[in-house]
Each structure stands twice: as C-alpha cells, then as structure tokens.
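Pasting coords.cif here (mmCIF, C-alpha atoms):
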data_work
#
loop_
_atom_site.label_atom_id
_atom_site.label_comp_id
_atom_site.auth_asym_id
_atom_site.auth_seq_id
_atom_site.Cartn_x
_atom_site.Cartn_y
_atom_site.Cartn_z
CA LEU A 1 -36.31 39.57 -4.31
CA PRO A 2 -39.55 40.94 -5.80
CA LYS A 3 -41.44 39.77 -2.70
CA PRO A 4 -40.28 39.42 0.91
CA SER A 5 -39.57 35.79 1.78
CA VAL A 6 -38.00 33.67 4.47
CA ASP A 7 -35.89 30.57 3.79
CA THR A 8 -37.26 28.13 6.36
CA GLY A 9 -35.18 25.18 5.20
CA MET A 10 -38.39 23.28 4.54
CA GLY A 11 -37.20 20.79 1.94
CA LEU A 12 -39.45 18.17 0.42
CA GLU A 13 -38.77 15.63 3.16
CA ARG A 14 -39.47 18.08 5.98
CA THR A 15 -42.64 19.18 4.24
CA ALA A 16 -43.65 15.52 3.92
CA ALA A 17 -42.96 15.01 7.64
CA VAL A 18 -45.31 17.88 8.50
CA LEU A 19 -48.03 16.69 6.12
CA GLN A 20 -47.76 13.11 7.39
CA HIS A 21 -47.80 14.26 11.04
CA VAL A 22 -44.50 12.62 12.00
CA HIS A 23 -41.57 14.05 13.92
CA SER A 24 -38.64 12.92 11.78
CA ASN A 25 -37.74 12.75 8.10
CA TYR A 26 -37.00 9.07 8.63
CA GLU A 27 -40.62 8.46 9.60
CA ILE A 28 -42.08 9.59 6.27
CA ASP A 29 -43.47 6.92 3.93
CA LEU A 30 -40.40 6.89 1.66
CA PHE A 31 -37.92 6.15 4.41
CA VAL A 32 -40.18 3.81 6.35
CA ARG A 33 -40.25 1.44 3.39
CA LEU A 34 -36.52 1.76 2.69
CA ILE A 35 -35.74 1.15 6.37
CA ALA A 36 -37.94 -1.95 6.21
CA ALA A 37 -35.96 -3.12 3.17
CA ALA A 38 -32.69 -2.57 5.04
CA ALA A 39 -34.00 -4.57 8.01
CA ARG A 40 -35.11 -7.36 5.69
CA GLU A 41 -31.74 -7.63 3.91
CA THR A 42 -29.64 -7.49 7.08
CA SER A 43 -32.00 -9.50 9.33
CA ALA A 44 -31.63 -6.69 11.84
CA ALA A 45 -32.93 -7.56 15.29
CA ASP A 46 -33.51 -3.93 16.32
CA PRO A 47 -35.98 -2.14 14.00
CA ASP A 48 -34.98 1.20 15.53
CA SER A 49 -31.24 0.83 14.87
CA PRO A 50 -29.68 4.05 13.51
CA SER A 51 -27.74 1.87 11.06
CA LEU A 52 -30.99 1.08 9.24
CA ARG A 53 -31.53 4.80 8.70
CA VAL A 54 -28.00 5.11 7.35
CA LEU A 55 -28.68 2.30 4.87
CA ALA A 56 -31.96 3.86 3.74
CA ASP A 57 -30.27 7.21 3.16
CA HIS A 58 -27.20 5.74 1.47
CA ILE A 59 -29.03 3.46 -0.97
CA ARG A 60 -30.78 6.54 -2.31
CA ALA A 61 -27.59 8.61 -2.55
CA CYS A 62 -25.58 5.82 -4.20
CA SER A 63 -28.30 4.92 -6.68
CA PHE A 64 -28.75 8.48 -7.89
CA LEU A 65 -25.00 8.98 -8.23
CA LEU A 66 -24.74 5.80 -10.29
CA ALA A 67 -27.73 6.81 -12.40
CA ASP A 68 -25.96 10.10 -13.11
CA GLY A 69 -22.93 8.22 -14.44
CA VAL A 70 -20.58 8.33 -11.46
CA ILE A 71 -18.48 5.16 -11.15
CA PRO A 72 -16.82 4.06 -7.88
CA GLY A 73 -13.10 4.81 -7.97
CA ASN A 74 -10.14 6.08 -5.99
CA GLU A 75 -10.27 9.73 -7.03
CA GLY A 76 -12.70 12.63 -7.12
CA ARG A 77 -16.42 11.99 -7.18
CA GLY A 78 -15.78 8.29 -7.79
CA TYR A 79 -14.09 8.08 -4.40
CA VAL A 80 -16.93 10.00 -2.76
CA LEU A 81 -19.30 7.31 -4.06
CA ARG A 82 -17.02 4.49 -2.92
CA ARG A 83 -16.81 6.01 0.56
CA ILE A 84 -20.60 6.16 0.82
CA ILE A 85 -20.93 2.55 -0.35
CA ARG A 86 -18.31 1.31 2.12
CA ARG A 87 -19.88 3.27 4.95
CA ALA A 88 -23.19 1.56 4.16
CA ILE A 89 -21.50 -1.85 4.07
CA ARG A 90 -19.92 -1.19 7.46
CA HIS A 91 -23.33 -0.41 8.95
CA GLY A 92 -24.72 -3.58 7.41
CA TYR A 93 -21.77 -5.49 8.87
CA LYS A 94 -22.57 -3.93 12.22
CA LEU A 95 -26.11 -5.28 11.92
CA GLY A 96 -24.82 -8.77 11.18
CA ALA A 97 -24.52 -8.89 7.38
CA ARG A 98 -21.53 -10.96 6.26
CA ALA A 99 -22.18 -11.03 2.52
CA ALA A 100 -23.39 -8.65 -0.19
CA PHE A 101 -26.81 -7.26 0.71
CA PHE A 102 -26.89 -3.55 -0.14
CA HIS A 103 -27.58 -4.00 -3.87
CA ARG A 104 -30.76 -5.93 -3.07
CA MET A 105 -32.32 -2.71 -1.78
CA VAL A 106 -32.23 -1.11 -5.24
CA PRO A 107 -35.61 -2.57 -6.39
CA ASP A 108 -37.23 -1.12 -3.27
CA LEU A 109 -35.83 2.32 -4.06
CA VAL A 110 -36.96 2.06 -7.69
CA ALA A 111 -40.44 1.06 -6.56
CA GLU A 112 -40.58 4.15 -4.34
CA MET A 113 -39.03 6.75 -6.65
CA GLY A 114 -38.96 5.28 -10.15
CA ALA A 115 -42.15 6.99 -11.28
CA ALA A 116 -40.74 10.43 -10.49
CA TYR A 117 -37.21 9.58 -11.63
CA PRO A 118 -37.37 7.31 -14.72
CA GLU A 119 -33.56 7.22 -14.93
CA LEU A 120 -33.66 4.94 -11.90
CA VAL A 121 -35.85 2.48 -13.80
CA SER A 122 -33.67 2.46 -16.91
CA SER A 123 -30.47 2.10 -14.86
CA GLU A 124 -31.75 -0.34 -12.23
CA GLN A 125 -29.85 -3.40 -13.43
CA ARG A 126 -26.57 -1.51 -13.84
CA ILE A 127 -26.91 0.17 -10.43
CA SER A 128 -27.52 -3.18 -8.75
CA GLU A 129 -24.56 -4.83 -10.48
CA VAL A 130 -22.09 -2.03 -9.70
CA LEU A 131 -23.14 -2.03 -6.05
CA ARG A 132 -22.87 -5.83 -5.90
CA GLN A 133 -19.33 -5.75 -7.29
CA GLU A 134 -18.29 -3.08 -4.79
CA GLU A 135 -19.79 -5.09 -1.94
CA VAL A 136 -18.09 -8.34 -2.92
CA ARG A 137 -14.77 -6.51 -3.12
CA PHE A 138 -15.07 -4.83 0.29
CA PHE A 139 -16.47 -7.87 2.08
CA GLU A 140 -13.18 -9.62 1.21
CA THR A 141 -11.29 -7.28 3.56
CA ILE A 142 -13.77 -5.74 6.00
CA GLU A 143 -13.71 -8.61 8.51
CA HIS A 144 -9.92 -8.57 8.87
CA GLY A 145 -9.84 -4.78 8.96
CA MET A 146 -12.57 -4.60 11.60
CA SER A 147 -10.71 -7.20 13.67
CA ILE A 148 -7.59 -5.01 13.68
CA LEU A 149 -9.61 -1.89 14.48
CA GLU A 150 -11.51 -3.63 17.29
CA SER A 151 -8.23 -4.81 18.83
CA GLU A 152 -6.79 -1.30 18.74
CA LEU A 153 -9.95 0.18 20.25
CA ALA A 154 -10.03 -2.43 23.00
CA ALA A 155 -6.48 -1.46 23.94
CA LEU A 156 -7.53 2.18 24.18
CA ALA A 157 -10.40 1.22 26.53
CA GLY A 158 -12.78 3.87 25.27
CA ALA A 159 -10.48 6.81 25.73
CA GLY A 160 -7.64 8.33 23.80
CA VAL A 161 -6.65 8.64 20.17
CA LEU A 162 -6.34 5.98 17.48
CA SER A 163 -2.91 6.05 15.87
CA GLY A 164 -2.78 7.72 12.47
CA VAL A 165 -0.48 4.91 11.36
CA THR A 166 -3.20 2.36 12.17
CA ALA A 167 -5.82 4.45 10.39
CA PHE A 168 -3.58 4.64 7.35
CA LYS A 169 -2.94 0.88 7.42
CA LEU A 170 -6.69 0.29 7.45
CA HIS A 171 -7.04 2.67 4.52
CA ASP A 172 -4.11 1.40 2.48
CA THR A 173 -4.38 -2.34 3.13
CA PHE A 174 -8.06 -2.95 3.81
CA GLY A 175 -9.74 -0.12 1.92
CA PHE A 176 -11.19 1.66 4.96
CA PRO A 177 -11.83 5.33 4.12
CA LEU A 178 -10.72 7.61 6.94
CA ASP A 179 -14.29 8.74 7.66
CA LEU A 180 -15.37 5.09 8.07
CA THR A 181 -12.64 4.49 10.64
CA ALA A 182 -13.54 7.77 12.33
CA ASP A 183 -17.21 6.70 12.52
CA VAL A 184 -16.31 3.48 14.33
CA CYS A 185 -13.97 5.33 16.69
CA ARG A 186 -16.56 8.00 17.41
CA GLU A 187 -19.01 5.33 18.51
CA ARG A 188 -16.42 4.22 21.09
CA GLY A 189 -15.54 7.70 22.29
CA VAL A 190 -12.16 7.63 20.55
CA SER A 191 -10.74 10.18 18.12
CA VAL A 192 -8.34 9.60 15.23
CA ASP A 193 -4.93 11.21 14.84
CA VAL A 194 -5.83 12.80 11.50
CA ALA A 195 -2.55 14.73 11.29
CA ALA A 196 -0.52 11.52 11.48
CA PHE A 197 -2.83 9.86 8.95
CA THR A 198 -2.37 12.80 6.57
CA ALA A 199 1.40 12.65 7.04
CA ALA A 200 1.45 8.92 6.24
CA MET A 201 -0.68 9.52 3.17
CA ALA A 202 1.61 12.34 2.01
CA GLN A 203 4.66 10.12 2.51
CA GLN A 204 3.14 7.36 0.39
CA LYS A 205 2.25 9.83 -2.37
CA GLU A 206 5.78 11.21 -2.31
CA GLN A 207 7.23 7.71 -2.58
CA ALA A 208 4.91 6.94 -5.49
CA ARG A 209 5.83 10.24 -7.13
CA ALA A 210 9.53 9.52 -6.71
CA ALA A 211 9.07 6.05 -8.17
CA GLY A 212 7.20 7.56 -11.10
CA LYS A 213 10.00 10.03 -11.72
CA PHE A 214 12.54 7.23 -11.58
CA ARG A 215 10.64 5.26 -14.19
CA MET A 216 10.29 8.31 -16.43
CA ALA A 217 13.95 9.22 -16.13
CA ALA A 218 14.90 5.57 -16.68
CA ALA A 219 17.95 6.22 -14.47
CA LEU A 220 19.36 8.73 -16.97
CA ASP A 221 21.27 11.59 -15.39
CA TYR A 222 20.28 14.59 -17.52
CA SER A 223 20.26 18.23 -16.44
CA GLY A 224 20.26 20.03 -19.78
CA PRO A 225 17.57 22.12 -21.49
CA ALA A 226 14.12 20.89 -22.47
CA THR A 227 13.31 19.55 -25.91
CA GLY A 228 11.55 21.80 -28.40
CA PHE A 229 8.72 19.81 -30.02
CA HIS A 230 7.66 20.52 -33.61
CA GLY A 231 5.86 17.29 -34.47
CA TYR A 232 2.47 18.89 -35.04
CA GLU A 233 3.84 21.21 -37.74
CA THR A 234 6.32 18.93 -39.49
CA LEU A 235 7.74 15.40 -39.49
CA ASP A 236 11.18 16.53 -40.64
CA PHE A 237 13.27 18.92 -38.55
CA ASN A 238 16.93 19.71 -37.92
CA GLY A 239 18.26 19.37 -34.38
CA GLN A 240 21.47 19.12 -32.41
CA VAL A 241 22.54 16.20 -30.21
CA LEU A 242 22.65 17.42 -26.61
CA ALA A 243 23.34 14.10 -24.87
CA LEU A 244 23.88 10.41 -25.57
CA TYR A 245 23.37 7.40 -23.30
CA ARG A 246 24.49 3.80 -23.56
CA ASP A 247 23.31 1.28 -20.94
CA GLY A 248 21.99 4.17 -18.86
CA SER A 249 25.32 6.00 -18.68
CA PRO A 250 26.21 9.24 -20.51
CA VAL A 251 28.69 8.88 -23.39
CA ASP A 252 30.15 11.23 -25.99
CA GLU A 253 29.68 8.84 -28.89
CA LEU A 254 27.56 5.92 -30.06
CA LYS A 255 29.08 3.59 -32.63
CA GLU A 256 27.55 1.42 -35.32
CA GLY A 257 25.42 -1.37 -33.84
CA GLU A 258 25.24 0.18 -30.36
CA LEU A 259 21.90 0.68 -28.63
CA GLY A 260 21.35 4.01 -26.93
CA VAL A 261 19.27 7.08 -26.24
CA VAL A 262 19.68 10.39 -28.06
CA ILE A 263 18.48 13.72 -26.67
CA LEU A 264 18.04 16.59 -29.13
CA ASP A 265 17.46 20.28 -28.63
CA GLU A 266 14.59 20.23 -31.17
CA THR A 267 12.58 17.31 -32.52
CA PRO A 268 9.50 16.40 -34.58
CA PHE A 269 9.25 13.04 -32.76
CA TYR A 270 6.19 12.60 -30.52
CA ALA A 271 7.04 11.07 -27.13
CA GLU A 272 4.62 8.52 -25.72
CA SER A 273 1.90 10.15 -23.63
CA GLY A 274 -1.86 10.32 -23.32
CA GLY A 275 -2.15 6.70 -24.42
CA GLN A 276 -0.46 7.31 -27.77
CA VAL A 277 2.81 5.48 -28.45
CA GLY A 278 6.01 7.30 -29.37
CA ASP A 279 7.18 7.96 -32.92
CA ARG A 280 9.69 5.91 -34.89
CA GLY A 281 12.02 7.11 -37.64
CA GLU A 282 15.67 8.08 -38.00
CA LEU A 283 18.27 10.70 -37.16
CA ARG A 284 20.68 11.42 -40.04
CA GLY A 285 23.99 13.09 -39.30
CA SER A 286 27.10 13.75 -41.37
CA HIS A 287 28.87 10.78 -39.74
CA GLY A 288 26.09 8.26 -39.23
CA ILE A 289 22.43 7.25 -39.08
CA PHE A 290 20.53 6.44 -35.87
CA ALA A 291 17.34 4.36 -36.21
CA VAL A 292 14.73 5.58 -33.71
CA GLU A 293 12.64 2.64 -32.51
CA ASP A 294 10.71 4.49 -29.81
CA THR A 295 10.40 7.97 -28.30
CA GLN A 296 9.86 8.33 -24.56
CA LYS A 297 9.90 11.24 -22.13
CA ILE A 298 13.14 11.21 -20.19
CA GLN A 299 11.78 14.03 -18.06
CA ALA A 300 8.50 15.91 -18.29
CA ALA A 301 9.74 18.12 -21.15
CA VAL A 302 12.77 16.15 -22.36
CA PHE A 303 12.36 13.59 -25.15
CA GLY A 304 14.57 10.53 -25.44
CA HIS A 305 14.98 8.90 -28.85
CA HIS A 306 15.61 5.19 -28.20
CA GLY A 307 17.22 3.07 -30.89
CA VAL A 308 20.40 1.83 -32.54
CA VAL A 309 23.17 3.29 -34.71
CA LYS A 310 22.66 1.81 -38.19
CA THR A 311 25.81 3.19 -39.80
CA GLY A 312 28.78 5.28 -38.71
CA THR A 313 28.69 7.15 -35.42
CA ILE A 314 26.58 9.71 -33.57
CA GLN A 315 28.38 12.20 -31.33
CA VAL A 316 27.34 14.85 -28.83
CA GLY A 317 27.20 18.18 -30.64
CA ASN A 318 26.37 16.66 -34.05
CA GLY A 319 23.71 18.30 -36.13
CA VAL A 320 21.14 15.78 -37.37
CA GLN A 321 18.09 15.68 -39.58
CA ALA A 322 15.30 14.17 -37.48
CA ARG A 323 12.80 12.43 -39.73
CA VAL A 324 9.65 10.72 -38.41
CA ASP A 325 8.37 7.56 -40.10
CA LEU A 326 5.28 8.98 -41.83
CA ALA A 327 3.53 5.62 -42.29
CA ALA A 328 4.02 4.66 -38.64
CA ARG A 329 2.81 8.07 -37.40
CA ALA A 330 -0.27 7.89 -39.65
CA ALA A 331 -1.11 4.36 -38.48
CA THR A 332 -0.68 5.38 -34.85
CA ALA A 333 -2.87 8.46 -35.34
CA ARG A 334 -5.60 6.39 -37.00
CA ASN A 335 -5.58 3.71 -34.34
CA HIS A 336 -5.47 6.22 -31.49
CA SER A 337 -8.38 8.14 -33.01
CA VAL A 338 -10.34 4.90 -33.29
CA THR A 339 -10.10 4.42 -29.51
CA HIS A 340 -11.90 7.75 -29.04
CA LEU A 341 -14.49 6.91 -31.71
CA MET A 342 -15.06 3.53 -30.09
CA HIS A 343 -15.48 5.21 -26.71
CA LYS A 344 -18.07 7.55 -28.18
CA ALA A 345 -19.94 4.68 -29.83
CA LEU A 346 -19.91 2.62 -26.63
CA ARG A 347 -21.35 5.56 -24.68
CA GLU A 348 -24.13 5.95 -27.24
CA VAL A 349 -24.98 2.24 -27.24
CA LEU A 350 -24.36 1.27 -23.61
CA GLY A 351 -24.86 4.59 -21.82
CA ASP A 352 -22.97 7.55 -20.44
CA HIS A 353 -21.56 5.45 -17.61
CA VAL A 354 -18.94 4.03 -19.99
CA GLN A 355 -15.55 5.62 -19.30
CA GLN A 356 -12.15 5.29 -20.95
CA LYS A 357 -9.49 4.78 -18.29
CA GLY A 358 -6.44 4.16 -20.42
CA SER A 359 -5.02 3.42 -23.84
CA LEU A 360 -1.76 2.36 -25.44
CA VAL A 361 -2.09 2.70 -29.21
#
Rewritten as structure tokens:
Amino acid sequence: LPKPSVDTGMGLERTAAVLQHVHSNYEIDLFVRLIAAAARETSAADPDSPSLRVLADHIRACSFLLADGVIPGNEGRGYVLRRIIRRAIRHGYKLGARAAFFHRMVPDLVAEMGAAYPELVSSEQRISEVLRQEEVRFFETIEHGMSILESELAALAGAGVLSGVTAFKLHDTFGFPLDLTADVCRERGVSVDVAAFTAAMAQQKEQARAAGKFRMAAALDYSGPATGFHGYETLDFNGQVLALYRDGSPVDELKEGELGVVILDETPFYAESGGQVGDRGELRGSHGIFAVEDTQKIQAAVFGHHGVVKTGTIQVGNGVQARVDLAARAATARNHSVTHLMHKALREVLGDHVQQKGSLV
C-alpha cells in the first residue's frame, strides 16, 4: 500500500458503537429500534432476549437479499435466504409468536435505512409480501416439527447426540434446515449427528436420481452408441436404425400400424429439453415410413423417436431418411422464443426479481 495502515476491523457498526458510547453493536440506534420492533411484533416479555437481536439482524439481511432480487428457494442463494427466514421464524416462535410476524418489521427497517438505500423503499411492498408468504408456509409445519424435536431432546436429557435420521426427517418433512435444528440442540447442550444426516440426504438424492434416470430411460434397455445430433444444421439427414422398441421391449421389426420407439445413429430431430418440446416428422426407409410424433431423450445422449409405422415395416439396420416437420419446428421455435421475450418484458415491467423456473413449449 502507498501508506502504512492497519486493518482494525472497525466496520460502520463498530464505529457507530464507539461514537455513540455503547459497548455492543446491538446497542446502536439502528439496532435499538429494530429490536424494539421485534419485541412489539412478538410481544416478547424479556426485552433483553438474544432472540430479539437475531430478529433485528435477520430482518435486515433478508430485506437486502430480497431487494437484490434473491427469491427464497431450495437451492443456492435462494436456500440461504430461506434458511435465514426460517431461523428468524424459529426465534419468533421461541418468543411466543404463533402466526406471521416477521414481515411486519419491514416498515421499521425501511424507516431506518430507506434514505441511504432507496432500493428498500421501492421494494418494500414486495419484500413484505415474500416474507409473509414464507412465514405462512413455515408456520404450517413448525409447531409439529418443534414438538418432535422437543420430544427427542427430552429423551436425551441434555446430553448426547440427536439422531441424524431425526434431523433429516425434520428437514425433509417439516422444512427445518439443518442449522436451525442444530441451533435448538446447541441451546440444550446436544449435538447433531451431521454425518448420519448427510448420509440420509445423499441416499434421498440417489433415489431421486435413480427415479429420474428411470423416467428418462422409460424402461428401455439400451446399451448402444449415442445419437449424433444435426438438427441445428439441417432438418433432413440420413441415419441408420440402431434399435427398435414396442411396448418397452426391444424388437427387430415394427410393422404397419404398430406404435414404437426408433433409435438412430444420426438424427436432425431435437429431443425435448430445456423447456422446448421434441420434434415431429417422419423416417422414410426403403420398406416403410415411420411417423415421428415426439422425440425424447432415452438416455442423456440417446434420442428416441416415438411414433407409429404408417406404411410397410421398419427394421433394425435399415437406412432411413430422417425428415423433421419444418412447420412444427418453426412454430415451436417461435413459441419457445416468445417465452424468453415475455420473461425479459416481465423483468422490465415488474422488476429483476421475476424469474423463469420452467417452460414446456
């Protein structure tokens, strides 16, 4: 650095504590008023309860995250926000709150910090509503979940380790983040078997992954090569039939009128993914024509052409001309593009908090 300096860790709040001649960040004017708001909304009997400090801190953190466009969810930063909200709700529950209260602290925060952070003012209504919805949702399960946790802790009598299976049940069934359960346990001198919780979580993910693979494979037993995709360069391409399926079982031939799935070595057909539906069209061979009514991924890189034999037969090993329905592809492309344009327009009109979570066009 150009000049010698020392990082004292004196952030704005610590500086304010020094200037206001108090001994804690929570005693500065900002937090005193937020703590008072928390006490008002929870009807807390003890004005010095640490839970009030948690609520004062968390209403600020949650509000700024929401103002920045983060939405509560089950993954990534969205789950970080949801964990903070649910931790705050648990502390309110501990103070006696049995219905949504946290969102009513937003006006107090805006009154304190809105002048310096105008995004809080412009987003106040949305912040309050998102928090209210999260509260209503969690208050539906917190009482039952806390009852189970209290029973388990009573059995441990203030010593020992809470079962990872119980912690996972609280997480999976009642929406208790692990750190929330750990907070409650820590207050009782009990630890959580995190390794067992992690194992239970991994097992559930593996089961979900296996179920997802089963749905994608649609019970088709295929172990051949991947499909070469050429649908961005052309809608008409020659391929060879690698496998045929009728009623989920492999066959060597599909006859006229039979429904089935055709797997080619190369194809111009787009398989449904990313919210865009699969292509339609036809496969023309020397012995028959197969009408493709849908294209789905049989495996991650294997495309299944679902449809019916219109004329003749289709056999394994046949060479076919794969021809995508141009009109259907164009309509799908237009409609799928419109979903992105609509998303952009909604973000411009309603705000950057608007997010597209799925599509099937």
For this file, the PyMOL selection byres ((chain A and resi 170) around 12) selects which residues, as a PDB file with C-alpha atoms, in the frame of the given file?
ATOM      1  CA  THR A 141     -11.290  -7.280   3.560  1.00  0.00           C
ATOM      2  CA  ILE A 142     -13.770  -5.740   6.000  1.00  0.00           C
ATOM      3  CA  GLU A 143     -13.710  -8.610   8.510  1.00  0.00           C
ATOM      4  CA  HIS A 144      -9.920  -8.570   8.870  1.00  0.00           C
ATOM      5  CA  GLY A 145      -9.840  -4.780   8.960  1.00  0.00           C
ATOM      6  CA  MET A 146     -12.570  -4.600  11.600  1.00  0.00           C
ATOM      7  CA  SER A 147     -10.710  -7.200  13.670  1.00  0.00           C
ATOM      8  CA  ILE A 148      -7.590  -5.010  13.680  1.00  0.00           C
ATOM      9  CA  LEU A 149      -9.610  -1.890  14.480  1.00  0.00           C
ATOM     10  CA  GLU A 150     -11.510  -3.630  17.290  1.00  0.00           C
ATOM     11  CA  GLU A 152      -6.790  -1.300  18.740  1.00  0.00           C
ATOM     12  CA  LEU A 162      -6.340   5.980  17.480  1.00  0.00           C
ATOM     13  CA  SER A 163      -2.910   6.050  15.870  1.00  0.00           C
ATOM     14  CA  GLY A 164      -2.780   7.720  12.470  1.00  0.00           C
ATOM     15  CA  VAL A 165      -0.480   4.910  11.360  1.00  0.00           C
ATOM     16  CA  THR A 166      -3.200   2.360  12.170  1.00  0.00           C
ATOM     17  CA  ALA A 167      -5.820   4.450  10.390  1.00  0.00           C
ATOM     18  CA  PHE A 168      -3.580   4.640   7.350  1.00  0.00           C
ATOM     19  CA  LYS A 169      -2.940   0.880   7.420  1.00  0.00           C
ATOM     20  CA  HIS A 171      -7.040   2.670   4.520  1.00  0.00           C
ATOM     21  CA  ASP A 172      -4.110   1.400   2.480  1.00  0.00           C
ATOM     22  CA  THR A 173      -4.380  -2.340   3.130  1.00  0.00           C
ATOM     23  CA  PHE A 174      -8.060  -2.950   3.810  1.00  0.00           C
ATOM     24  CA  GLY A 175      -9.740  -0.120   1.920  1.00  0.00           C
ATOM     25  CA  PHE A 176     -11.190   1.660   4.960  1.00  0.00           C
ATOM     26  CA  PRO A 177     -11.830   5.330   4.120  1.00  0.00           C
ATOM     27  CA  LEU A 178     -10.720   7.610   6.940  1.00  0.00           C
ATOM     28  CA  ASP A 179     -14.290   8.740   7.660  1.00  0.00           C
ATOM     29  CA  LEU A 180     -15.370   5.090   8.070  1.00  0.00           C
ATOM     30  CA  THR A 181     -12.640   4.490  10.640  1.00  0.00           C
ATOM     31  CA  ALA A 182     -13.540   7.770  12.330  1.00  0.00           C
ATOM     32  CA  PHE A 197      -2.830   9.860   8.950  1.00  0.00           C
ATOM     33  CA  ALA A 200       1.450   8.920   6.240  1.00  0.00           C
ATOM     34  CA  MET A 201      -0.680   9.520   3.170  1.00  0.00           C
TER      35      MET A 201
END
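Across the structure, atom CA of A:Ser128 and atom CA of A:Glu112 are spaced 15.6 Å apart.
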Atom pair atom CA of A:Leu346 / atom CA of A:Gly78: separation (Å)
20.1 Å
7 Å contact set for stretch 186-190 of chain A, only C-alpha atoms, chain neighbours under 5 positions out, as a list in words
Gly158, Ala159, Gly160, Val161 and Leu162 of chain A
Applying 6 Å and all atoms listed in the file, which residues near stretch 308-325 of chain A remain after dropping the ones on its own chain fewer than 6 positions away? List them as a list of chain:residue names.
A:Leu235, A:Asp236, A:Phe237, A:Asn238, A:Gly239, A:Gln240, A:Val241, A:Leu242, A:Ala243, A:Asp252, A:Glu253, A:Leu254, A:Lys255, A:Glu256, A:Gly257, A:Glu258, A:Leu259, A:Arg280, A:Gly281, A:Glu282, A:Leu283, A:Arg284, A:Gly285, A:His287, A:Gly288, A:Ile289, A:Phe290, A:Ala291
